[in-house]
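Have a look at start-v5.txt below; it lists compact mmCIF, C-alpha atoms.
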```
# COMPACT_ATOMS: atom_id res chain seq x y z
CA MET E 523 26.19 37.59 -30.52
CA THR E 524 26.21 35.01 -27.81
CA GLU E 525 27.84 35.39 -24.44
CA SER E 526 30.60 32.92 -25.31
CA THR E 527 31.67 34.97 -28.32
CA LEU E 528 31.58 38.24 -26.38
CA ILE E 529 33.53 37.03 -23.34
CA ALA E 530 36.76 35.11 -23.80
CA ALA E 531 36.76 31.64 -22.28
CA ASP E 532 38.77 31.20 -19.10
CA GLU E 533 41.87 29.07 -19.23
CA PRO E 534 41.75 25.74 -17.41
CA LEU E 535 43.49 25.30 -14.08
CA VAL E 536 46.48 23.04 -14.68
CA LEU E 537 47.93 21.00 -11.82
CA GLY E 538 50.71 18.74 -13.03
CA ASP E 539 49.23 16.38 -15.60
CA PHE E 540 45.69 17.40 -14.67
CA SER E 541 43.58 20.16 -16.14
CA PHE E 542 40.32 21.44 -14.67
CA ASN E 543 37.63 23.71 -16.03
CA SER E 544 35.94 23.96 -12.64
CA ARG E 545 38.04 25.73 -10.03
CA LEU E 546 35.98 24.33 -7.19
CA PHE E 547 37.36 21.34 -5.30
CA LEU E 548 35.02 19.50 -3.00
CA GLY E 549 35.57 17.17 -0.09
CA THR E 550 33.59 13.98 0.39
CA GLY E 551 33.38 13.91 4.20
CA LYS E 552 30.61 14.64 6.69
CA TYR E 553 27.60 14.18 4.42
CA ALA E 554 24.51 12.74 6.06
CA THR E 555 24.33 9.97 3.45
CA TYR E 556 26.33 8.74 0.49
CA PRO E 557 23.55 9.63 -1.97
CA GLN E 558 23.59 13.18 -0.59
CA MET E 559 27.34 13.34 -1.16
CA ARG E 560 26.95 12.05 -4.70
CA ASP E 561 24.27 14.62 -5.49
CA ALA E 562 26.19 17.51 -3.91
CA LEU E 563 29.26 16.67 -5.98
CA ASP E 564 27.12 16.45 -9.09
CA ILE E 565 25.41 19.79 -8.52
CA SER E 566 28.65 21.58 -7.64
CA CYS E 567 30.09 20.66 -11.07
CA THR E 568 33.43 20.01 -9.38
CA GLU E 569 35.91 17.95 -11.35
CA CYS E 570 38.22 17.04 -8.47
CA VAL E 571 37.23 15.63 -5.10
CA THR E 572 39.23 14.82 -2.02
CA VAL E 573 39.17 11.52 -0.15
CA ALA E 574 40.90 10.24 2.97
CA VAL E 575 42.87 7.05 3.62
CA ARG E 576 41.93 5.00 6.68
CA ARG E 577 42.39 1.53 8.14
CA ILE E 578 39.66 -0.91 7.20
CA PRO E 579 37.32 -1.30 10.17
CA GLU E 580 37.53 -4.51 12.16
CA ASP E 581 33.87 -5.39 11.90
CA GLU E 582 31.79 -3.59 9.39
CA PRO E 583 28.19 -4.45 8.72
CA ALA E 584 27.55 -5.12 5.07
CA GLY E 585 25.93 -2.14 3.46
CA GLU E 586 26.52 0.80 1.25
CA ARG E 587 30.10 1.47 0.36
CA PHE E 588 31.66 4.90 -0.11
CA LEU E 589 33.23 4.10 -3.47
CA ASP E 590 29.89 2.95 -4.87
CA TYR E 591 28.81 6.58 -4.72
CA LEU E 592 31.93 8.14 -6.18
CA ASP E 593 32.09 8.24 -9.97
CA LEU E 594 35.77 7.51 -10.58
CA GLU E 595 35.35 8.10 -14.31
CA ARG E 596 33.93 11.56 -13.78
CA TYR E 597 36.08 12.95 -10.98
CA THR E 598 39.80 13.25 -10.48
CA ILE E 599 40.40 11.79 -7.03
CA LEU E 600 42.66 13.80 -4.78
CA PRO E 601 43.66 11.70 -1.76
CA ASN E 602 44.66 13.59 1.36
CA THR E 603 46.88 12.94 4.33
CA ALA E 604 44.35 14.37 6.78
CA GLY E 605 44.93 13.23 10.33
CA CYS E 606 48.70 12.98 9.95
CA PHE E 607 50.68 14.86 12.57
CA ASP E 608 54.20 14.20 11.33
CA ALA E 609 56.01 14.00 8.00
CA GLU E 610 56.58 10.26 8.26
CA SER E 611 52.93 9.26 8.56
CA ALA E 612 51.95 11.73 5.83
CA ILE E 613 54.54 10.21 3.50
CA ARG E 614 53.38 6.67 4.30
CA THR E 615 49.77 7.70 3.70
CA SER E 616 50.73 9.29 0.38
CA ARG E 617 52.45 6.11 -0.78
CA LEU E 618 49.41 4.01 0.20
CA ALA E 619 47.13 6.40 -1.67
CA ARG E 620 49.31 6.14 -4.75
CA GLU E 621 49.16 2.35 -4.56
CA MET E 622 45.39 2.41 -4.18
CA LEU E 623 44.53 4.96 -6.84
CA ASP E 624 47.49 4.71 -9.18
CA THR E 625 47.80 8.49 -8.96
CA ASN E 626 50.66 10.79 -8.08
CA LEU E 627 48.25 13.46 -6.86
CA ILE E 628 48.35 14.10 -3.15
CA LYS E 629 46.83 16.75 -0.93
CA LEU E 630 49.50 16.95 1.72
CA GLU E 631 48.39 17.91 5.20
CA VAL E 632 50.69 17.66 8.18
CA LEU E 633 48.87 19.02 11.18
CA GLY E 634 50.24 20.58 14.34
CA ASP E 635 47.59 19.87 16.95
CA GLN E 636 44.11 18.40 17.37
CA LYS E 637 42.45 21.55 18.62
CA THR E 638 43.27 23.94 15.80
CA LEU E 639 44.22 21.43 13.07
CA LEU E 640 46.63 24.10 11.92
CA PRO E 641 49.50 22.86 9.79
CA GLU E 642 52.87 22.01 11.27
CA PRO E 643 55.22 24.07 9.08
CA VAL E 644 58.53 22.24 9.52
CA ASP E 645 57.17 18.74 8.86
CA THR E 646 54.96 20.08 6.06
CA LEU E 647 58.04 21.41 4.27
CA LYS E 648 60.01 18.24 4.96
CA ALA E 649 57.23 16.00 3.62
CA THR E 650 56.81 18.23 0.56
CA GLU E 651 60.49 17.88 -0.32
CA ILE E 652 60.44 14.10 0.05
CA LEU E 653 57.20 13.56 -1.85
CA VAL E 654 58.28 15.85 -4.69
CA ALA E 655 61.51 13.85 -4.95
CA GLU E 656 59.40 10.68 -5.16
CA GLY E 657 57.48 12.07 -8.10
CA PHE E 658 54.27 13.09 -6.39
CA THR E 659 52.19 16.01 -7.59
CA VAL E 660 51.98 17.74 -4.23
CA LEU E 661 49.13 20.09 -3.40
CA VAL E 662 50.15 21.28 0.01
CA TYR E 663 47.97 22.62 2.78
CA THR E 664 49.47 25.47 4.78
CA SER E 665 48.42 28.31 7.03
CA ASP E 666 48.20 31.70 5.31
CA ASP E 667 51.83 32.40 6.18
CA VAL E 668 53.40 34.26 3.28
CA MET E 669 56.96 33.01 3.76
CA GLN E 670 55.90 29.39 4.28
CA ALA E 671 53.89 29.54 1.05
CA LYS E 672 57.02 30.78 -0.70
CA ARG E 673 59.14 28.00 0.78
CA LEU E 674 56.62 25.34 -0.26
CA GLN E 675 56.50 26.50 -3.85
CA GLU E 676 60.30 26.63 -3.91
CA ALA E 677 60.33 23.06 -2.58
CA GLY E 678 58.48 21.96 -5.70
CA ALA E 679 54.84 21.91 -4.63
CA THR E 680 52.52 21.88 -7.64
CA ALA E 681 50.00 24.04 -5.77
CA VAL E 682 50.01 25.78 -2.42
CA MET E 683 46.77 25.64 -0.45
CA PRO E 684 46.54 28.30 2.24
CA ALA E 685 43.77 28.08 4.80
CA GLY E 686 41.27 30.91 4.92
CA SER E 687 40.73 29.96 8.57
CA PRO E 688 41.00 26.70 10.53
CA ILE E 689 39.65 23.49 8.95
CA GLY E 690 35.92 23.09 9.41
CA SER E 691 35.59 26.41 11.26
CA GLY E 692 33.54 28.15 8.59
CA GLN E 693 35.05 31.48 9.55
CA GLY E 694 35.86 32.49 5.99
CA ILE E 695 38.92 34.37 4.74
CA LEU E 696 40.23 35.88 7.97
CA ASN E 697 43.32 37.54 6.51
CA PRO E 698 42.70 38.71 2.95
CA LEU E 699 45.92 40.72 3.07
CA ASN E 700 48.04 37.59 3.61
CA LEU E 701 46.22 35.86 0.80
CA ARG E 702 46.94 38.79 -1.50
CA LEU E 703 50.62 38.71 -0.54
CA ILE E 704 50.76 34.96 -1.17
CA LEU E 705 49.10 35.44 -4.56
CA GLU E 706 51.43 38.29 -5.48
CA GLN E 707 54.53 36.13 -5.09
CA ALA E 708 52.96 32.92 -6.38
CA THR E 709 54.69 30.98 -9.13
CA VAL E 710 52.28 28.03 -8.73
CA PRO E 711 48.49 27.90 -8.42
CA ILE E 712 47.13 29.00 -5.04
CA ILE E 713 44.03 27.14 -3.90
CA VAL E 714 42.28 28.39 -0.79
CA ASP E 715 41.63 25.37 1.36
CA ALA E 716 39.78 25.30 4.64
CA GLY E 717 37.65 27.71 6.59
CA VAL E 718 35.24 28.56 3.80
CA GLY E 719 31.81 28.89 5.39
CA GLN E 720 29.47 30.03 2.65
CA SER E 721 29.33 31.08 -0.97
CA SER E 722 30.47 34.66 -0.34
CA ASP E 723 33.72 33.32 1.12
CA VAL E 724 34.32 31.45 -2.11
CA ALA E 725 33.62 34.57 -4.14
CA ILE E 726 35.99 36.63 -1.96
CA ALA E 727 38.79 34.11 -2.39
CA MET E 728 38.32 34.00 -6.14
CA GLU E 729 38.01 37.79 -6.43
CA LEU E 730 41.31 38.12 -4.62
CA GLY E 731 42.80 36.05 -7.42
CA ALA E 732 42.96 32.59 -5.89
CA HIS E 733 43.22 29.98 -8.62
CA GLY E 734 40.75 27.69 -6.93
CA VAL E 735 38.89 26.92 -3.71
CA LEU E 736 38.67 23.63 -1.86
CA MET E 737 35.88 23.11 0.64
CA ASN E 738 33.92 20.40 2.40
CA THR E 739 32.14 21.24 5.63
CA ALA E 740 30.40 24.36 4.32
CA VAL E 741 28.51 22.19 1.86
CA ALA E 742 28.14 19.01 3.90
CA ALA E 743 27.03 20.80 7.07
CA ALA E 744 24.64 23.27 5.41
CA ASP E 745 20.97 22.79 6.24
CA ASP E 746 20.46 22.06 2.55
CA PRO E 747 23.77 20.73 1.20
CA LEU E 748 22.55 20.47 -2.38
CA ARG E 749 21.45 24.08 -2.51
CA MET E 750 24.75 25.15 -0.95
CA ALA E 751 26.57 23.06 -3.55
CA ARG E 752 24.85 25.11 -6.22
CA ALA E 753 25.56 28.36 -4.38
CA VAL E 754 29.30 27.70 -4.12
CA LYS E 755 29.47 26.59 -7.74
CA ASN E 756 27.97 29.90 -8.80
CA ALA E 757 30.10 31.86 -6.35
CA CYS E 758 33.26 30.25 -7.66
CA SER E 759 32.57 31.15 -11.26
CA ALA E 760 31.20 34.58 -10.29
CA GLY E 761 34.28 35.35 -8.21
CA ARG E 762 36.57 34.16 -10.98
CA ASP E 763 34.77 36.30 -13.57
CA SER E 764 34.89 39.28 -11.24
CA TYR E 765 38.64 38.83 -10.80
CA LEU E 766 39.24 38.46 -14.53
CA ALA E 767 36.99 41.44 -15.27
CA GLY E 768 39.08 43.65 -12.99
CA ARG E 769 37.33 45.68 -10.37
CA MET E 770 37.00 49.46 -10.48
CA ASP E 771 39.19 51.60 -8.28
CA LYS E 772 37.71 52.60 -4.97
CA ARG E 773 36.95 56.29 -4.66
CA MET E 774 36.50 58.50 -1.64
CA TYR E 775 33.55 60.45 -3.02
CA ALA E 776 30.47 59.74 -5.05
CA SER E 777 30.54 59.61 -8.80
CA ALA E 778 27.17 59.95 -10.48
CA SER E 779 26.18 57.24 -12.89
CA SER E 780 23.66 59.44 -14.72
CA PRO E 781 24.63 62.46 -16.84
CA GLN E 782 24.94 65.72 -14.91
CA THR E 783 23.96 67.81 -17.94
CA ASN E 784 20.61 68.71 -19.50
CA LEU E 785 18.71 68.34 -16.28
CA ILE E 786 15.31 70.00 -16.04
CA THR E 787 15.38 73.04 -13.83
CA SER E 788 12.71 74.82 -11.88
CA MET C 714 56.75 -6.88 18.97
CA GLN C 715 56.08 -10.44 20.09
CA ASP C 716 55.75 -10.77 23.84
CA PRO C 717 58.69 -13.03 24.88
CA ASN C 718 56.61 -14.46 27.75
CA SER C 719 53.86 -15.61 25.45
CA THR C 720 55.02 -18.84 23.88
CA ASP C 721 51.72 -20.42 22.85
CA ILE C 722 50.28 -18.18 20.17
CA LYS C 723 52.48 -16.39 17.71
CA THR C 724 51.04 -13.15 16.39
CA PHE C 725 51.49 -10.35 13.92
CA PHE C 726 49.78 -6.99 14.03
CA LEU C 727 46.93 -6.04 11.73
CA ASN C 728 46.01 -2.37 11.88
CA GLY C 729 47.53 -2.16 15.34
CA ARG C 730 45.80 -5.24 16.81
CA PRO C 731 47.42 -8.60 17.44
CA GLU C 732 46.32 -11.30 15.04
CA LYS C 733 47.11 -15.01 15.12
CA HIS C 734 50.03 -15.85 12.87
CA LEU C 735 49.44 -18.67 10.40
CA GLN C 736 52.48 -20.33 8.86
CA GLY C 737 52.81 -19.40 5.22
CA GLN C 738 49.92 -16.92 5.16
CA THR C 739 50.40 -14.34 2.43
CA ILE C 740 49.05 -10.83 2.12
CA ALA C 741 46.64 -12.14 -0.52
CA ASP C 742 45.44 -14.84 1.93
CA LEU C 743 44.93 -12.24 4.65
CA LEU C 744 42.95 -9.93 2.37
CA ALA C 745 40.74 -12.82 1.32
CA ALA C 746 40.20 -13.85 4.95
CA LYS C 747 39.20 -10.30 5.85
CA GLU C 748 37.03 -9.96 2.75
CA ALA C 749 39.10 -6.94 1.83
CA SER C 750 40.37 -8.05 -1.58
CA GLY C 751 39.81 -6.00 -4.67
CA PRO C 752 40.44 -2.44 -5.78
CA GLY C 753 40.34 0.46 -3.39
CA VAL C 754 42.56 -1.25 -0.82
CA ALA C 755 46.28 -0.84 -0.16
CA VAL C 756 48.60 -2.77 2.13
CA GLU C 757 51.68 -1.83 4.09
CA ARG C 758 54.07 -4.30 5.73
CA ASN C 759 56.44 -2.86 8.31
CA GLN C 760 55.87 0.63 6.94
CA GLN C 761 56.58 -0.33 3.33
CA VAL C 762 53.85 -0.52 0.71
CA VAL C 763 53.28 -4.02 -0.63
CA ARG C 764 52.40 -3.60 -4.29
CA LEU C 765 49.35 -5.45 -5.54
CA ALA C 766 51.49 -7.72 -7.73
CA GLU C 767 53.46 -8.78 -4.64
CA HIS C 768 50.44 -9.76 -2.50
CA VAL C 769 50.51 -13.41 -3.51
CA GLN C 770 54.16 -13.99 -2.73
CA THR C 771 54.52 -11.82 0.38
CA VAL C 772 54.44 -14.14 3.40
CA ILE C 773 53.52 -12.62 6.74
CA GLU C 774 56.12 -13.22 9.44
CA VAL C 775 55.64 -13.31 13.21
CA GLY C 776 55.68 -9.78 14.58
CA ASP C 777 55.01 -8.10 11.23
CA LYS C 778 53.06 -4.88 11.31
CA ILE C 779 50.47 -5.01 8.56
CA GLU C 780 48.23 -2.11 7.66
CA ILE C 781 45.25 -2.52 5.34
CA VAL C 782 43.71 0.79 4.30
CA ARG C 783 40.96 1.98 2.04
CA LEU C 784 39.42 5.23 0.87
CA VAL C 785 36.80 7.02 2.95
CA GLY C 786 35.04 10.36 2.67
CA GLY C 787 37.21 13.28 3.66
CA GLY C 788 38.06 16.88 2.93
```
Encoded form using structure tokens:
Amino acid sequence: MTESTLIAADEPLVLGDFSFNSRLFLGTGKYATYPQMRDALDISCTECVTVAVRRIPEDEPAGERFLDYLDLERYTILPNTAGCFDAESAIRTSRLAREMLDTNLIKLEVLGDQKTLLPEPVDTLKATEILVAEGFTVLVYTSDDVMQAKRLQEAGATAVMPAGSPIGSGQGILNPLNLRLILEQATVPIIVDAGVGQSSDVAIAMELGAHGVLMNTAVAAADDPLRMARAVKNACSAGRDSYLAGRMDKRMYASASSPQTNLITS
Amino acid sequence: MQDPNSTDIKTFFLNGRPEKHLQGQTIADLLAAKEASGPGVAVERNQQVVRLAEHVQTVIEVGDKIEIVRLVGGG
């Protein structure tokens, strides 16, 4: 018997018209070089990568171009509205992304301030409602606020993406209880986005029952990004398997693993 | 908006910077001039997306606010 016949295959993660076998989403920012980014994405086995929308620079020296290193046939491209601090600019950015990529997918971020990059809840909800009405598949970034997550899914978000901790902070899942409460009430996929610092954070998120994890800095800013890409790939599938397997109950006292009978005696 | 005291050079705004306005210049002309034509670029005129099919017939007016964006790495 092979492993695949003994263990049932996982179901794919479905987001609107898109279906993913990998539950790891990777960002494309902050890599030392474009080839390093390309290789990290490859090793991570991600199927969906985030990109940002920015003005073309005024004077750019000819050279390597970002898109030359992004395999658009292989990856589903998830544009974001990073850097938007109000609903209006996030909506405009979403429309530009749709024009550019011919995709309805959008990772909606509406941020509250520069220092924390925490989401601004009122404008996030407002932008979600408008973009959903315009036919976007909205994957919406939020803090780990349980009620806001509920409101966003009720507003028609395709997935809700609570932060484990602030963007780029690498502090991991700071409030596992909130994440559990969000997951308990979820009617849409919950993808932990932001704050993941290392592979164990990914495993924790997935073991809690998150449907996916999105990360960028933890890979790009690792001393060895390619090795970290492999680590988080493994952690994501390990955490998912652990969740599906169902953990044992915690006990107060020891419980011997070896039989307590037929022991030799003095 | 156009400075009413400046009568010599008429301008529009490209990505927030004033740019000399040329009579009859279209979005397609502007993209070509900036070597920004091709896929992976999107254009907004006065906060409305200009679809690719409309680039050739969309004439830039004095005072227009044009944004040309592209994809970059991000998380």
Can you list, as number ranges by chain, every protein, DNA or RNA residue that comes within 8 Å of Ile713 of chain E when you count all atoms listed in the file, leaving out same-chain residues fewer than 6 positions away?
E: 681-684, 732-736
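Residues of chain E having any atom within 8 Å of chain C, counting all atoms listed in the file, are Leu548, Gly549, Thr550, Gly551, Lys552, Thr572, Val573, Ala574, Val575, Arg576, Arg577, Ile578, Phe588, Leu589, Asn602, Ala604, Arg614, Arg617, Leu618, Ala619, Glu621, Met622, Leu623, Met737, Asn738 and Thr739 of chain E.
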Gap from atom CA of Gln720 of chain E to atom CA of Gly692 of chain E - Å, one decimal:
7.4 Å
Å distance separating atom CA of Ser691 of chain E from atom CA of Val536 of chain E, one decimal place
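Distance reported for this atom pair: 28.3 Å.
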Please measure the separation of atom CA of Gly678 of chain E and atom CA of Cys606 of chain E, giving the value in Å to one decimal.
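According to the coordinates, atom CA of Gly678 of chain E and atom CA of Cys606 of chain E are separated by 20.5 Å.
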Answer as JSON, numbers by chain, residues within 12 Å of (30.2, 22.1, -6.6) using all atoms listed in the file:
{"E": [544, 545, 546, 547, 548, 549, 550, 559, 560, 561, 562, 563, 564, 565, 566, 567, 568, 569, 570, 571, 597, 721, 724, 734, 735, 736, 737, 738, 740, 741, 742, 747, 748, 749, 750, 751, 752, 753, 754, 755, 756, 757, 758, 759]}
So that I can see what lies close to Arg702 of chain E, please list as a compact mmCIF listing (two decimals) with C-alpha atoms, in the coordinates of the input the residues with an atom at most 9 Å from it, counting only C-alpha atoms and leaving out residues fewer than 3 positions away in the same chain.
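Writing the result to around.txt gives the following:
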```
# COMPACT_ATOMS: atom_id res chain seq x y z
CA ASN E 697 43.32 37.54 6.51
CA PRO E 698 42.70 38.71 2.95
CA LEU E 699 45.92 40.72 3.07
CA LEU E 705 49.10 35.44 -4.56
CA GLU E 706 51.43 38.29 -5.48
CA GLN E 707 54.53 36.13 -5.09
CA LEU E 730 41.31 38.12 -4.62
CA GLY E 731 42.80 36.05 -7.42
CA ALA E 732 42.96 32.59 -5.89
```
To box segment 659-663 of chain E, take all atoms listed in the file, fit an axis-aligned box, add 8 Å on each side, and give centre and edge lengths in Å to one decimal, as AutoDock Vina command-line options.
```
--center_x 50.1 --center_y 19.3 --center_z -2.4 --size_x 20.2 --size_y 22.6 --size_z 26.4
```
Which of these residues is nearest to Ile712 of chain E, using all atoms listed in the file: E:Thr615, E:Ser687, E:Ser788, E:Thr680?
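Ranking E:Thr615, E:Ser687, E:Ser788, E:Thr680 by distance to Ile712 of chain E, first place goes to E:Thr680.
Closest to Thr739 of chain C among C:Ile773, C:Ala766, C:Ile779, C:Ile722 is C:Ile773, based on all atoms listed in the file.
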Output as a PDB file, in the frame of the given file: segment 768-782 of chain C, completed with N, CA and C atoms.
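Ended up saving to out.pdb:
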```pdb
ATOM      1  N   HIS C 768      51.297  -9.225  -3.572  1.00  0.00           N
ATOM      2  CA  HIS C 768      50.440  -9.760  -2.500  1.00  0.00           C
ATOM      3  C   HIS C 768      50.534 -11.273  -2.384  1.00  0.00           C
ATOM      4  N   VAL C 769      50.571 -11.942  -3.554  1.00  0.00           N
ATOM      5  CA  VAL C 769      50.510 -13.410  -3.510  1.00  0.00           C
ATOM      6  C   VAL C 769      51.797 -14.048  -3.015  1.00  0.00           C
ATOM      7  N   GLN C 770      52.919 -13.342  -3.178  1.00  0.00           N
ATOM      8  CA  GLN C 770      54.160 -13.990  -2.730  1.00  0.00           C
ATOM      9  C   GLN C 770      54.708 -13.413  -1.427  1.00  0.00           C
ATOM     10  N   THR C 771      54.020 -12.403  -0.857  1.00  0.00           N
ATOM     11  CA  THR C 771      54.520 -11.820   0.380  1.00  0.00           C
ATOM     12  C   THR C 771      53.964 -12.586   1.578  1.00  0.00           C
ATOM     13  N   VAL C 772      54.848 -13.327   2.240  1.00  0.00           N
ATOM     14  CA  VAL C 772      54.440 -14.140   3.400  1.00  0.00           C
ATOM     15  C   VAL C 772      54.554 -13.299   4.663  1.00  0.00           C
ATOM     16  N   ILE C 773      53.530 -13.387   5.494  1.00  0.00           N
ATOM     17  CA  ILE C 773      53.520 -12.620   6.740  1.00  0.00           C
ATOM     18  C   ILE C 773      54.343 -13.361   7.800  1.00  0.00           C
ATOM     19  N   GLU C 774      55.257 -12.634   8.411  1.00  0.00           N
ATOM     20  CA  GLU C 774      56.120 -13.220   9.440  1.00  0.00           C
ATOM     21  C   GLU C 774      55.586 -12.834  10.832  1.00  0.00           C
ATOM     22  N   VAL C 775      55.998 -13.624  11.822  1.00  0.00           N
ATOM     23  CA  VAL C 775      55.640 -13.310  13.210  1.00  0.00           C
ATOM     24  C   VAL C 775      56.147 -11.912  13.554  1.00  0.00           C
ATOM     25  N   GLY C 776      55.285 -11.119  14.159  1.00  0.00           N
ATOM     26  CA  GLY C 776      55.680  -9.780  14.580  1.00  0.00           C
ATOM     27  C   GLY C 776      55.546  -8.702  13.516  1.00  0.00           C
ATOM     28  N   ASP C 777      55.193  -9.096  12.293  1.00  0.00           N
ATOM     29  CA  ASP C 777      55.010  -8.100  11.230  1.00  0.00           C
ATOM     30  C   ASP C 777      53.933  -7.099  11.620  1.00  0.00           C
ATOM     31  N   LYS C 778      54.110  -5.904  11.142  1.00  0.00           N
ATOM     32  CA  LYS C 778      53.060  -4.880  11.310  1.00  0.00           C
ATOM     33  C   LYS C 778      52.422  -4.643   9.955  1.00  0.00           C
ATOM     34  N   ILE C 779      51.206  -5.124   9.823  1.00  0.00           N
ATOM     35  CA  ILE C 779      50.470  -5.010   8.560  1.00  0.00           C
ATOM     36  C   ILE C 779      49.398  -3.938   8.701  1.00  0.00           C
ATOM     37  N   GLU C 780      49.319  -3.080   7.719  1.00  0.00           N
ATOM     38  CA  GLU C 780      48.230  -2.110   7.660  1.00  0.00           C
ATOM     39  C   GLU C 780      47.433  -2.366   6.384  1.00  0.00           C
ATOM     40  N   ILE C 781      46.130  -2.447   6.517  1.00  0.00           N
ATOM     41  CA  ILE C 781      45.250  -2.520   5.340  1.00  0.00           C
ATOM     42  C   ILE C 781      44.380  -1.264   5.370  1.00  0.00           C
ATOM     43  N   VAL C 782      44.467  -0.465   4.323  1.00  0.00           N
ATOM     44  CA  VAL C 782      43.710   0.790   4.300  1.00  0.00           C
ATOM     45  C   VAL C 782      42.814   0.847   3.073  1.00  0.00           C
TER      46      VAL C 782
END
```
